[in-house]
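The next block is protein-v1.txt, given as compact mmCIF, C-alpha atoms.
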```txt
# COMPACT_ATOMS: atom_id res chain seq x y z
CA MET A 1 -9.47 -31.01 4.63
CA ILE A 2 -12.42 -30.54 2.27
CA MET A 3 -12.76 -26.90 3.36
CA MET A 4 -9.09 -26.30 2.68
CA THR A 5 -9.35 -27.84 -0.78
CA ILE A 6 -12.39 -25.71 -1.60
CA LEU A 7 -10.50 -22.62 -0.44
CA SER A 8 -7.50 -23.46 -2.62
CA VAL A 9 -9.63 -24.15 -5.70
CA THR A 10 -11.58 -20.93 -5.13
CA ILE A 11 -8.32 -18.96 -5.01
CA LEU A 12 -7.11 -20.63 -8.20
CA ILE A 13 -10.34 -19.86 -10.06
CA THR A 14 -10.26 -16.25 -8.79
CA LEU A 15 -6.73 -15.69 -10.09
CA LEU A 16 -7.54 -17.18 -13.50
CA SER A 17 -10.75 -15.14 -13.73
CA LEU A 18 -8.94 -11.91 -12.86
CA SER A 19 -6.21 -12.71 -15.39
CA ALA A 20 -8.78 -13.35 -18.12
CA PHE A 21 -10.70 -10.18 -17.19
CA GLN A 22 -7.62 -7.97 -17.49
CA ALA A 23 -6.42 -9.69 -20.67
CA LEU A 24 -9.80 -9.15 -22.38
CA LYS A 25 -9.88 -5.53 -21.25
CA ASN A 26 -6.39 -5.02 -22.66
CA LYS A 27 -7.49 -6.56 -25.95
CA ARG A 28 -10.45 -4.17 -26.19
CA ASN A 29 -8.15 -1.24 -25.47
CA SER A 30 -5.36 -2.48 -27.72
CA GLY A 31 -2.79 0.23 -28.36
CA TYR A 32 -3.74 2.30 -25.31
CA VAL A 33 -2.68 -0.03 -22.52
CA ASP A 34 -0.11 1.15 -19.98
CA VAL A 35 2.71 -0.95 -18.56
CA LYS A 36 0.82 -1.95 -15.42
CA SER A 37 -2.16 -3.24 -17.37
CA GLU A 38 0.12 -5.20 -19.71
CA ILE A 39 1.95 -6.92 -16.86
CA MET A 40 -1.04 -7.62 -14.60
CA PRO A 41 -2.66 -10.56 -16.51
CA ARG A 42 0.73 -12.27 -16.87
CA LEU A 43 1.44 -11.85 -13.18
CA LEU A 44 -1.98 -13.22 -12.23
CA ALA A 45 -1.45 -16.21 -14.52
CA ALA A 46 1.94 -16.82 -12.90
CA LEU A 47 0.31 -16.65 -9.46
CA ALA A 48 -2.31 -19.20 -10.57
CA LEU A 49 0.51 -21.46 -11.74
CA MET A 50 2.24 -21.08 -8.36
CA VAL A 51 -0.95 -22.03 -6.49
CA SER A 52 -1.48 -25.04 -8.80
CA CYS A 53 2.06 -26.26 -8.14
CA ASP A 54 1.49 -25.78 -4.42
CA MET A 55 -1.60 -28.01 -4.58
CA LEU A 56 0.53 -30.76 -6.12
CA CYS A 57 3.17 -30.42 -3.41
CA SER A 58 2.54 -33.20 -0.86
CA GLY A 59 -1.08 -32.35 -0.21
CA TYR A 60 -2.79 -29.16 0.89
CA ASN A 61 -1.31 -26.99 3.63
CA ILE A 62 -2.84 -23.77 4.92
CA PHE A 63 0.55 -22.34 5.92
CA ARG A 64 1.84 -22.63 2.38
CA THR A 65 -1.32 -21.03 1.04
CA LEU A 66 -0.82 -18.13 3.43
CA SER A 67 2.72 -17.57 2.14
CA ASP A 68 1.37 -17.83 -1.42
CA SER A 69 -1.24 -15.19 -0.67
CA VAL A 70 1.36 -12.81 0.79
CA ILE A 71 3.54 -13.22 -2.30
CA ALA A 72 0.48 -12.58 -4.46
CA VAL A 73 -0.48 -9.42 -2.58
CA MET A 74 3.03 -8.00 -2.55
CA SER A 75 3.63 -8.78 -6.22
CA ALA A 76 0.33 -7.22 -7.27
CA SER A 77 0.88 -4.18 -5.03
CA VAL A 78 4.00 -3.34 -7.05
CA MET A 79 1.61 -2.32 -9.84
CA VAL A 80 -0.16 0.38 -7.83
CA VAL A 81 2.36 2.03 -5.53
CA SER A 82 2.96 5.61 -6.68
CA VAL A 83 6.31 6.28 -5.01
CA ARG A 84 8.40 5.27 -8.00
CA PRO A 85 10.16 8.26 -9.58
CA SER A 86 9.05 7.49 -13.12
CA ALA A 87 6.60 5.39 -15.11
CA ARG A 88 8.90 2.50 -15.88
CA PRO A 89 8.08 -1.20 -15.67
CA PRO A 90 7.77 -2.17 -12.00
CA PHE A 91 10.24 -5.06 -12.43
CA ARG A 92 13.06 -2.51 -12.61
CA PHE A 93 12.29 -1.26 -9.13
CA PHE A 94 11.29 -4.36 -7.23
CA SER A 95 12.43 -7.94 -7.75
CA LEU A 96 9.52 -9.36 -5.77
CA PRO A 97 7.48 -10.64 -8.76
CA ALA A 98 10.48 -12.85 -9.61
CA ILE A 99 9.63 -14.86 -6.47
CA VAL A 100 6.44 -16.13 -8.12
CA PRO A 101 7.98 -18.39 -10.81
CA ALA A 102 10.77 -19.30 -8.37
CA MET A 103 8.24 -20.57 -5.82
CA ALA A 104 6.33 -22.44 -8.53
CA LEU A 105 9.55 -24.20 -9.55
CA TYR A 106 10.31 -24.97 -5.90
CA TYR A 107 6.90 -26.60 -5.43
CA ILE A 108 7.44 -28.71 -8.56
CA VAL A 109 10.81 -29.89 -7.24
CA CYS A 110 9.20 -30.78 -3.90
CA ALA A 111 6.33 -32.58 -5.62
CA ALA A 112 8.86 -34.64 -7.61
CA GLY A 113 10.45 -35.75 -4.32
CA LEU A 114 13.78 -34.09 -5.03
CA LEU A 115 13.45 -31.92 -1.90
CA ASP A 116 11.65 -32.34 1.39
CA VAL A 117 8.86 -29.87 2.17
CA PRO A 118 9.80 -27.75 5.22
CA GLU A 119 7.64 -27.66 8.33
CA PRO A 120 4.56 -25.40 8.10
CA LYS A 121 5.90 -22.88 10.62
CA TYR A 122 8.74 -22.05 8.24
CA PHE A 123 6.24 -20.95 5.58
CA LEU A 124 4.65 -18.63 8.13
CA ALA A 125 8.08 -17.14 8.87
CA PHE A 126 8.75 -16.80 5.14
CA ALA A 127 5.43 -14.96 4.64
CA ALA A 128 6.32 -12.54 7.44
CA MET A 129 9.77 -11.99 5.95
CA VAL A 130 8.33 -11.14 2.52
CA ALA A 131 5.79 -8.74 4.03
CA LEU A 132 8.46 -7.02 6.13
CA ALA A 133 10.86 -6.75 3.19
CA PHE A 134 8.28 -5.12 0.96
CA ALA A 135 7.10 -2.76 3.70
CA GLY A 136 10.73 -1.80 4.29
CA MET A 137 11.28 -1.04 0.59
CA PHE A 138 8.09 1.00 0.53
CA ILE A 139 9.17 3.07 3.55
CA TRP A 140 12.55 3.65 1.93
CA MET A 141 10.92 4.84 -1.31
CA ILE A 142 8.64 7.23 0.62
CA TRP A 143 11.61 8.62 2.51
CA LYS A 144 13.54 9.05 -0.73
CA ARG A 145 10.60 10.89 -2.26
CA LEU A 146 9.87 13.15 0.70
CA ARG A 147 13.38 14.03 1.83
CA ASP A 148 13.59 16.85 -0.71
CA ILE A 149 10.57 19.04 0.02
CA LYS A 150 11.14 21.08 -3.14
CA SER A 151 10.71 18.04 -5.36
CA VAL A 152 7.54 17.18 -3.46
CA MET A 153 6.08 20.61 -4.12
CA LYS A 154 6.96 20.32 -7.81
CA SER A 155 5.51 16.84 -8.13
CA GLY A 156 1.91 17.96 -8.40
CA ASN A 157 -1.05 18.52 -6.12
CA VAL A 158 -2.81 17.02 -3.14
CA TRP A 159 -3.96 14.04 -5.21
CA SER A 160 -0.44 12.61 -5.12
CA PHE A 161 -0.74 12.36 -1.36
CA VAL A 162 -4.23 10.87 -1.54
CA THR A 163 -2.87 8.04 -3.69
CA LEU A 164 0.07 7.71 -1.33
CA CYS A 165 -2.35 7.11 1.55
CA THR A 166 -4.17 4.39 -0.38
CA ASP A 167 -0.82 2.80 -1.23
CA ILE A 168 0.04 2.66 2.47
CA ILE A 169 -3.17 0.74 3.13
CA TYR A 170 -2.40 -1.78 0.37
CA VAL A 171 1.17 -2.32 1.59
CA PHE A 172 0.74 -2.41 5.35
CA PHE A 173 -2.56 -4.30 5.58
CA PRO A 174 -0.92 -7.69 4.82
CA LEU A 175 1.81 -6.93 7.34
CA MET A 176 -0.76 -6.25 10.07
CA LEU A 177 -2.66 -9.39 9.06
CA ILE A 178 0.46 -11.53 9.32
CA SER A 179 1.19 -9.99 12.74
CA ALA A 180 -2.32 -10.93 13.89
CA VAL A 181 -1.78 -14.51 12.69
CA TYR A 182 1.47 -14.68 14.65
CA ILE A 183 -0.36 -13.55 17.79
CA VAL A 184 -2.99 -16.24 17.30
CA TYR A 185 -0.23 -18.78 16.59
CA SER A 186 1.47 -17.89 19.89
CA VAL A 187 -1.58 -17.45 22.16
CA PHE A 188 -4.46 -19.44 20.64
CA PRO A 189 -2.99 -22.32 18.63
CA ALA A 190 -6.33 -24.12 18.65
CA GLY A 191 -7.97 -21.38 16.57
CA LEU A 192 -5.09 -21.08 14.12
CA THR A 193 -6.67 -22.88 11.15
CA ALA A 194 -9.72 -20.62 11.06
CA SER A 195 -7.63 -17.46 11.42
CA LEU A 196 -5.31 -18.61 8.62
CA ALA A 197 -8.28 -19.27 6.31
CA VAL A 198 -9.71 -15.81 7.00
CA ALA A 199 -6.29 -14.22 6.43
CA VAL A 200 -5.87 -16.00 3.09
CA LEU A 201 -9.31 -14.89 1.91
CA LEU A 202 -8.61 -11.28 2.88
CA MET A 203 -5.27 -11.41 1.08
CA PHE A 204 -6.81 -12.56 -2.18
CA LEU A 205 -9.58 -10.00 -1.87
CA GLU A 206 -6.78 -7.44 -1.84
CA VAL A 207 -5.30 -9.01 -4.98
CA ALA A 208 -8.69 -8.57 -6.64
CA ALA A 209 -8.83 -4.95 -5.42
CA VAL A 210 -5.38 -4.22 -6.84
CA THR A 211 -6.41 -5.74 -10.18
CA PHE A 212 -9.49 -3.52 -10.43
CA LYS A 213 -7.43 -0.53 -9.29
CA VAL A 214 -5.06 -1.10 -12.21
CA SER A 215 -7.84 -1.97 -14.64
CA TYR A 216 -9.89 1.17 -13.98
CA ASP A 217 -6.89 3.38 -13.25
CA SER A 218 -8.37 4.74 -10.04
CA ALA A 219 -7.10 5.42 -6.54
CA PHE A 220 -10.13 3.90 -4.84
CA VAL A 221 -11.76 0.59 -5.68
CA ILE A 222 -15.21 0.94 -4.13
CA LEU A 223 -15.68 4.64 -3.35
CA HIS A 224 -15.66 5.89 -6.93
CA GLU A 225 -18.10 8.68 -6.06
CA HIS A 226 -15.74 9.99 -3.39
CA GLU A 227 -12.91 9.95 -5.91
CA ARG A 228 -15.00 11.93 -8.37
CA VAL A 229 -15.84 14.52 -5.69
CA ILE A 230 -12.18 14.92 -4.75
CA VAL A 231 -11.14 15.36 -8.39
CA GLU A 232 -13.94 17.83 -9.05
CA SER A 233 -13.01 19.85 -5.96
CA MET A 234 -9.46 20.17 -7.32
CA LYS A 235 -10.58 21.52 -10.68
CA LEU A 236 -10.97 25.24 -10.15
CA PRO A 237 -9.89 27.22 -7.12
CA HIS A 238 -11.79 30.28 -6.02
CA MET A 239 -10.64 33.14 -8.18
CA ASP A 240 -8.59 35.79 -6.41
CA MET A 241 -10.51 38.87 -7.34
CA SER A 242 -8.00 41.09 -5.60
CA ALA A 243 -6.13 40.93 -8.88
CA SER A 244 -8.79 43.16 -10.43
CA SER A 245 -9.01 45.83 -7.81
CA GLY A 246 -8.70 48.63 -10.37
CA SER A 247 -8.40 49.39 -14.06
CA LYS A 248 -4.65 50.00 -13.78
CA ASP A 249 -4.19 46.64 -12.11
CA ASP A 250 -6.37 45.03 -14.79
CA ASP A 251 -4.06 46.34 -17.50
CA THR A 252 -1.00 45.18 -15.57
CA TYR A 253 -2.32 41.66 -15.09
CA LYS A 254 -3.58 41.48 -18.66
CA GLU A 255 -0.18 42.43 -20.05
CA LEU A 256 1.56 39.96 -17.73
CA TYR A 257 -0.84 37.16 -18.63
CA GLU A 258 -0.28 37.79 -22.35
CA ARG A 259 3.49 37.54 -21.81
CA ILE A 260 3.04 34.23 -19.96
CA VAL A 261 0.83 32.81 -22.70
CA LEU A 262 3.25 33.91 -25.41
CA TYR A 263 6.13 32.31 -23.53
CA PHE A 264 4.21 29.05 -23.17
CA GLU A 265 3.18 29.01 -26.83
CA MET A 266 6.60 29.87 -28.24
CA SER A 267 9.03 28.07 -25.89
CA LYS A 268 6.82 25.28 -24.47
CA PRO A 269 8.52 25.36 -21.04
CA TYR A 270 5.86 22.99 -19.69
CA LEU A 271 7.66 20.11 -21.44
CA ASP A 272 10.25 20.33 -18.68
CA GLY A 273 9.01 18.11 -15.86
CA ALA A 274 10.91 20.22 -13.31
CA LEU A 275 9.34 23.54 -14.37
CA THR A 276 8.54 25.85 -11.43
CA ILE A 277 7.00 29.27 -11.13
CA SER A 278 10.49 30.60 -10.31
CA ASP A 279 11.60 29.62 -13.83
CA VAL A 280 8.76 31.65 -15.32
CA VAL A 281 9.61 34.64 -13.10
CA LYS A 282 13.04 34.90 -14.76
CA VAL A 283 11.53 35.02 -18.26
CA VAL A 284 8.50 37.31 -17.88
CA TYR A 285 10.25 39.70 -15.46
CA SER A 286 7.67 39.63 -12.70
CA ASN A 287 7.27 37.97 -9.31
CA LYS A 288 5.50 34.82 -8.09
CA VAL A 289 2.52 36.64 -6.56
CA TYR A 290 1.74 38.63 -9.71
CA ILE A 291 2.14 35.60 -11.95
CA SER A 292 -0.13 33.49 -9.75
CA LYS A 293 -2.79 36.20 -9.58
CA ALA A 294 -2.69 36.85 -13.33
CA ILE A 295 -3.13 33.15 -14.14
CA CYS A 296 -5.86 32.71 -11.55
CA HIS A 297 -7.74 35.82 -12.71
CA TYR A 298 -7.81 34.87 -16.40
CA THR A 299 -8.09 31.07 -16.15
CA GLY A 300 -9.41 30.28 -12.68
CA ARG A 301 -6.47 27.89 -12.23
CA ASN A 302 -3.38 27.90 -10.08
CA PHE A 303 0.08 27.75 -11.64
CA ARG A 304 0.40 23.94 -11.49
CA GLN A 305 -3.02 23.43 -13.07
CA PHE A 306 -2.16 26.00 -15.75
CA VAL A 307 1.04 24.08 -16.60
CA ASN A 308 -0.71 20.72 -16.60
CA TYR A 309 -3.45 22.06 -18.87
CA HIS A 310 -0.86 23.00 -21.50
CA ARG A 311 0.77 19.59 -21.10
CA ILE A 312 -2.58 17.85 -21.64
CA MET A 313 -3.32 19.90 -24.76
CA TYR A 314 0.16 19.12 -26.08
CA SER A 315 -0.26 15.38 -25.43
CA MET A 316 -3.57 15.40 -27.32
CA ASP A 317 -1.91 17.04 -30.32
CA LEU A 318 0.89 14.48 -30.08
CA PHE A 319 -1.55 11.61 -30.23
CA ARG A 320 -3.45 13.08 -33.17
CA SER A 321 -0.15 13.27 -35.08
CA ASN A 322 0.75 9.67 -34.22
CA LEU A 323 -2.14 7.35 -33.37
CA GLU A 324 0.27 4.55 -32.39
CA MET A 325 1.64 6.38 -29.34
CA LYS A 326 0.96 4.81 -25.97
CA VAL A 327 -0.11 6.54 -22.78
CA THR A 328 3.32 6.11 -21.20
CA GLU A 329 4.96 7.81 -24.20
CA LEU A 330 2.44 10.65 -24.16
CA ALA A 331 3.06 11.26 -20.46
CA GLU A 332 6.82 11.27 -20.84
CA LYS A 333 6.90 13.52 -23.92
CA SER A 334 4.40 15.99 -22.44
CA GLY A 335 6.44 16.83 -19.35
CA PHE A 336 4.78 14.62 -16.74
CA ASN A 337 7.05 12.79 -14.31
CA THR A 338 4.71 9.81 -13.85
CA VAL A 339 1.79 8.20 -15.66
CA VAL A 340 -0.23 8.58 -12.44
CA SER A 341 0.11 12.37 -12.46
CA TYR A 342 -0.65 12.44 -16.21
CA THR A 343 -3.78 10.33 -15.77
CA MET A 344 -5.10 12.43 -12.89
CA ALA A 345 -4.41 15.72 -14.69
CA PHE A 346 -6.06 14.40 -17.85
CA ARG A 347 -9.13 13.28 -15.93
CA LEU A 348 -9.21 16.64 -14.18
CA PHE A 349 -9.58 18.56 -17.45
CA MET A 350 -11.19 16.02 -19.78
CA ASN A 351 -13.40 14.00 -17.37
CA GLU A 352 -11.97 10.72 -18.70
CA THR A 353 -8.71 8.81 -18.62
CA PRO A 354 -6.08 9.17 -21.37
CA SER A 355 -6.73 5.57 -22.48
CA GLU A 356 -10.45 6.23 -22.91
CA TRP A 357 -9.86 9.46 -24.83
CA CYS A 358 -7.21 7.88 -27.08
CA ARG A 359 -9.49 4.99 -27.94
CA LYS A 360 -12.37 7.33 -28.86
CA GLU A 361 -10.12 9.73 -30.77
CA ARG A 362 -8.53 6.94 -32.77
CA SER A 363 -11.92 5.49 -33.68
CA LYS A 364 -13.12 8.93 -34.73
CA ILE A 365 -10.07 9.65 -36.90
CA LEU A 366 -9.94 6.21 -38.50
CA LYS A 367 -13.71 5.99 -39.04
CA PRO A 368 -14.26 5.46 -42.78
CA LYS A 369 -15.93 8.34 -44.55
CA LYS A 370 -19.25 7.56 -46.18
```
Could the structure of this file be written out as structure tokens, please?
Amino acid sequence: MIMMTILSVTILITLLSLSAFQALKNKRNSGYVDVKSEIMPRLLAALALMVSCDMLCSGYNIFRTLSDSVIAVMSASVMVVSVRPSARPPFRFFSLPAIVPAMALYYIVCAAGLLDVPEPKYFLAFAAMVALAFAGMFIWMIWKRLRDIKSVMKSGNVWSFVTLCTDIIYVFFPLMLISAVYIVYSVFPAGLTASLAVAVLLMFLEVAAVTFKVSYDSAFVILHEHERVIVESMKLPHMDMSASSGSKDDDTYKELYERIVLYFEMSKPYLDGALTISDVVKVVYSNKVYISKAICHYTGRNFRQFVNYHRIMYSMDLFRSNLEMKVTELAEKSGFNTVVSYTMAFRLFMNETPSEWCRKERSKILKPKK
């Protein structure tokens, strides 16, 4: 019983600490905080309230804590999954975070004696149901995103799929953990308490990982060096020198590249989030191969990187003209479909996140002249 109480108190302190950490970080970065970072401290505080109410509900119970941890993991995971079609508040796409205050209210009602607390096994079933429901929604969103291969190809580069893989780990790990607990519950009931305690600890470690993932706007939580290597490797492809096989070809590619640049400067087609190389073909009167080779020869970038570079430069000009703009607004107005793709493209070219750059730029512009 003492071990269970210590575990519960540790979880409560962890949630409050994570909430305070994110809130302080948001305060330091005031004005440049995205939707996920704004919601995270409130969600963590709500989770802490839910755990507190659970502790008041007819004594401590490890089954209830397990269901609490699953709700916490699933609610926090909403902040990091990258399968949503746009950078809107997660509450519009998943109703799961609404379970948190509902469960807190339920525990208060039970603590007041207005309702009887169900048997522990029902909380285990409820935890499994929540995990399955969220995994099902996640699979549906992936299918919806991948069913149109053209939209996938337009969505960006390989980094989108790297983040998708990390999302799968965050979503399906709790489901596998719950399945393991069920096996122990069916085969080794004597060792159930220890397995439940381990499962709860692992769940809340994932909540902490999700919090840091949101806070530092990264795909990985621990392997930051690997993330940097992946991003750096995406920066510049090997230049296709076949585009400069002769002086006549040089003139052809130079003229074509100048037409592309003029088109981008005058019409700003990159502000269209659905822009493809086929759209450019119709304007500059060339073909995809020539356009790709011309861009690669003169910039060292592929077409998607070339487009994203112009979007990044445009977003920087936007911010300098209005220092109150937020990252989500900059992403949307610059032609990016998601904040995730905007952040990764920005880091690719500027070696820092949009929030970091905006904070530095604002300080530089508003710095009083001596």
Could you make a table, as a Markdown table, of the residues of range 248-288 of chain A that have an atom within 9 Å of an atom of range 304-307 of chain A, each with its nearest atom pair and distance in Å to one decimal, counting all atoms listed in the file, in chain and number order?
```
| residue | atom | partner | partner_atom | distance |
| --- | --- | --- | --- | --- |
| A:Phe264 | CA | A:Val307 | CA | 8.8 |
| A:Pro269 | CA | A:Val307 | CA | 8.8 |
| A:Tyr270 | CA | A:Val307 | CA | 5.8 |
| A:Leu275 | CA | A:Val307 | CA | 8.6 |
| A:Thr276 | CA | A:Arg304 | CA | 8.4 |
| A:Ile277 | CA | A:Arg304 | CA | 8.5 |
```
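The shortest atom-to-atom distance to Ala135 in chain A, with only C-alpha atoms taken into account, belongs to A:Val171 out of A:Ile312, A:Ile183, A:Val171, A:Leu66.
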* Within 10 Å of (1.7, 12.2, -26.2) (coordinates as in the file), grab all the protein and nucleic acid residues, counting only C-alpha atoms, and write them out as an MDAnalysis selection string. => chainID A and resid 311:335 354 358
Keeping C-alpha atoms, export the residues of the selection given above as an mmCIF file, keeping the file's coordinate frame.
```cif
data_model
loop_
_atom_site.group_PDB
_atom_site.id
_atom_site.type_symbol
_atom_site.label_atom_id
_atom_site.label_comp_id
_atom_site.auth_asym_id
_atom_site.auth_seq_id
_atom_site.Cartn_x
_atom_site.Cartn_y
_atom_site.Cartn_z
ATOM 1 C CA ARG A 311 0.770 19.590 -21.100
ATOM 2 C CA ILE A 312 -2.580 17.850 -21.640
ATOM 3 C CA MET A 313 -3.320 19.900 -24.760
ATOM 4 C CA TYR A 314 0.160 19.120 -26.080
ATOM 5 C CA SER A 315 -0.260 15.380 -25.430
ATOM 6 C CA MET A 316 -3.570 15.400 -27.320
ATOM 7 C CA ASP A 317 -1.910 17.040 -30.320
ATOM 8 C CA LEU A 318 0.890 14.480 -30.080
ATOM 9 C CA PHE A 319 -1.550 11.610 -30.230
ATOM 10 C CA ARG A 320 -3.450 13.080 -33.170
ATOM 11 C CA SER A 321 -0.150 13.270 -35.080
ATOM 12 C CA ASN A 322 0.750 9.670 -34.220
ATOM 13 C CA LEU A 323 -2.140 7.350 -33.370
ATOM 14 C CA GLU A 324 0.270 4.550 -32.390
ATOM 15 C CA MET A 325 1.640 6.380 -29.340
ATOM 16 C CA LYS A 326 0.960 4.810 -25.970
ATOM 17 C CA VAL A 327 -0.110 6.540 -22.780
ATOM 18 C CA THR A 328 3.320 6.110 -21.200
ATOM 19 C CA GLU A 329 4.960 7.810 -24.200
ATOM 20 C CA LEU A 330 2.440 10.650 -24.160
ATOM 21 C CA ALA A 331 3.060 11.260 -20.460
ATOM 22 C CA GLU A 332 6.820 11.270 -20.840
ATOM 23 C CA LYS A 333 6.900 13.520 -23.920
ATOM 24 C CA SER A 334 4.400 15.990 -22.440
ATOM 25 C CA GLY A 335 6.440 16.830 -19.350
ATOM 26 C CA PRO A 354 -6.080 9.170 -21.370
ATOM 27 C CA CYS A 358 -7.210 7.880 -27.080
#
```
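We find CA of Asp68 in chain A and CA of Pro41 in chain A to be spaced 17.2 Å apart.
Taking CA of Phe63 in chain A and CA of Trp140 in chain A as the two end points, the separation is 28.9 Å.
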* Pick out the residues sitting within 9 Å of Ala104 in chain A, and hand them over as an MDAnalysis selection string; count all atoms listed in the file, and ignore anything fewer than 6 positions along from it in its own chain. => chainID A and resid 46:47 49:54
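Distance check against Leu15 in chain A using all atoms listed in the file: of A:Ala197, A:Leu271, A:Met40, A:Cys165, the minimum falls on A:Met40.
A straight line drawn from CA of Ile168 in chain A to CA of Phe138 in chain A is 8.4 Å long.
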* Nearest to Ala208 in chain A, chosen from A:Thr299, A:Val9, A:Leu16, A:Glu361, with all atoms listed in the file counted in the distances -> A:Leu16
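Distance check against Ile62 in chain A using all atoms listed in the file: of A:Met3, A:Leu177, A:Met266, A:Val340, the minimum falls on A:Met3.
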* To do: Excluding range 71-73 of chain A and any residue of its chain fewer than 5 positions from it, enumerate the residues within 7 Å of it, using all atoms listed in the file, and give them as a ChimeraX atom specification.
  => /A:47,203,206-207
Those residues with C-alpha atoms, as a CSV table (one decimal), in the coordinates of the input please?
```
chain,number,residue,atom,x,y,z
A,47,LEU,CA,0.3,-16.6,-9.5
A,203,MET,CA,-5.3,-11.4,1.1
A,206,GLU,CA,-6.8,-7.4,-1.8
A,207,VAL,CA,-5.3,-9.0,-5.0
```
Please enclose the listed atoms of range 169-176 of chain A in an axis-aligned box, pad each side by 3 Å, and write out the centre and the three edge lengths in Å, rounded to one decimal, as lines of an AutoDock Vina configuration file.
```
center_x = -0.7
center_y = -3.5
center_z = 5.2
size_x = 11.0
size_y = 14.4
size_z = 15.7
```
